[in-house]
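Asker: Provided herewith is a single structure, encoded as C-alpha cells, for subsequent inquiry.
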Amino acid sequence: MEYDESDKLTSRLAYVSGVFDAWWRSWFKQVLPTLVPIKRWKKQHKNLETGDVVFMYYPSSIKNDYRLARIVETFPDNKGLVRSVRVCYRRRSKNDKAADYKVKPLSKEIVAVQRLALLLPYSEQTKSD
C-alpha cells in the first residue's frame, strides 16, 4: 500500500482503514488457524455431542468471523461418525447493546464439523451453564 503524504484527512483515513483491514485479513489467514486446529480426518476423535459449546468458523462476504455456538443436534453417518451438526447461536451486529443481544432469537444452522473447534464438552459443563 502506498502512503499518500497529502494533508487530506479522507485520504489518510482511507489509508489507515486499508492498513487495518489488510492486517486483520493477514492475521485471520496466518495466525488464527494455528490457534484453532482444524485437521483432516487422519485419526478418529471423540464425536461431538448435543450440548457441546464450540467455536464456529463463520465465513462472510465482508469479513470472516468466528462465533460461539452450542450443538443442538448431531447427524451421524452409517459408520457412527458425526460429520455434521445443527448449531444454534445469536447473530450480532455492531450496534447491538448487551441487553438487546441477550433477548435476540437463536439462529440455527447445519454445519460440517470441520468448521468447529470444541471449547467445552457437555460432560464438563456445570448445571449453571
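Just remember, in the C-alpha cells the first chain shown is A, the second B, etc., residues are 1-based per chain, and ligands are 1-based in the order shown.
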So that I can see what lies close to Arg90 in chain A, please list as a PyMOL selection string the residues with an atom at most 10 Å from it, counting only C-alpha atoms and leaving out residues fewer than 6 positions away in the same chain.

Answerer: chain A and resi 67-69+101-108

Asker: Between A:Arg83, A:Arg70, A:Asn95, A:Asn78, which has the minimum distance to Glu109 in chain A (counting only C-alpha atoms)?

Answerer: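 Going through A:Arg83, A:Arg70, A:Asn95, A:Asn78 one by one, the smallest distance to Glu109 in chain A is for A:Arg70.
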
Asker: Using backbone DSSP assignments, extract all strand (DSSP E) residues from chain A; output them as an MDAnalysis selection string.

Answerer: chainID A and resid 53:58 65:76 82:89 107:112 116:120

Asker: With C-alpha atoms kept, could you save the residues just selected as an mmCIF file, in the first residue's frame?

Answerer:
data_model
loop_
_atom_site.group_PDB
_atom_site.id
_atom_site.type_symbol
_atom_site.label_atom_id
_atom_site.label_comp_id
_atom_site.auth_asym_id
_atom_site.auth_seq_id
_atom_site.Cartn_x
_atom_site.Cartn_y
_atom_site.Cartn_z
ATOM 1 C CA VAL A 53 -20.020 -25.486 23.208
ATOM 2 C CA VAL A 54 -17.977 -24.888 20.063
ATOM 3 C CA PHE A 55 -16.121 -22.135 18.243
ATOM 4 C CA MET A 56 -17.617 -21.943 14.728
ATOM 5 C CA TYR A 57 -15.815 -20.540 11.692
ATOM 6 C CA TYR A 58 -18.352 -18.281 10.011
ATOM 7 C CA ASP A 65 -15.608 -14.371 11.684
ATOM 8 C CA TYR A 66 -15.673 -16.902 14.499
ATOM 9 C CA ARG A 67 -18.731 -17.333 16.703
ATOM 10 C CA LEU A 68 -19.616 -19.179 19.856
ATOM 11 C CA ALA A 69 -22.291 -21.784 19.292
ATOM 12 C CA ARG A 70 -23.949 -24.716 21.036
ATOM 13 C CA ILE A 71 -24.658 -28.030 19.340
ATOM 14 C CA VAL A 72 -28.373 -28.875 19.444
ATOM 15 C CA GLU A 73 -28.441 -31.928 17.155
ATOM 16 C CA THR A 74 -25.907 -34.324 15.650
ATOM 17 C CA PHE A 75 -26.122 -36.247 12.383
ATOM 18 C CA PRO A 76 -24.008 -39.428 12.496
ATOM 19 C CA VAL A 82 -20.639 -37.326 13.383
ATOM 20 C CA ARG A 83 -19.853 -35.379 10.218
ATOM 21 C CA SER A 84 -22.367 -32.535 10.510
ATOM 22 C CA VAL A 85 -24.299 -30.941 13.339
ATOM 23 C CA ARG A 86 -27.025 -28.378 13.911
ATOM 24 C CA VAL A 87 -25.771 -25.458 15.972
ATOM 25 C CA CYS A 88 -27.564 -22.506 17.481
ATOM 26 C CA TYR A 89 -26.065 -19.092 18.062
ATOM 27 C CA SER A 107 -30.298 -18.809 14.763
ATOM 28 C CA LYS A 108 -29.987 -22.479 13.857
ATOM 29 C CA GLU A 109 -27.769 -23.807 11.105
ATOM 30 C CA ILE A 110 -26.398 -27.157 9.943
ATOM 31 C CA VAL A 111 -22.599 -27.077 9.616
ATOM 32 C CA ALA A 112 -19.803 -29.543 8.939
ATOM 33 C CA LEU A 116 -15.913 -26.287 14.528
ATOM 34 C CA ALA A 117 -13.449 -26.366 17.391
ATOM 35 C CA LEU A 118 -14.671 -27.887 20.647
ATOM 36 C CA LEU A 119 -14.364 -25.467 23.561
ATOM 37 C CA LEU A 120 -16.403 -27.076 26.334
#

Asker: Could you check how far CA of Lys46 in chain A sits from CA of Tyr122 in chain A, in Å to one decimal?

Answerer: 12.4 Å
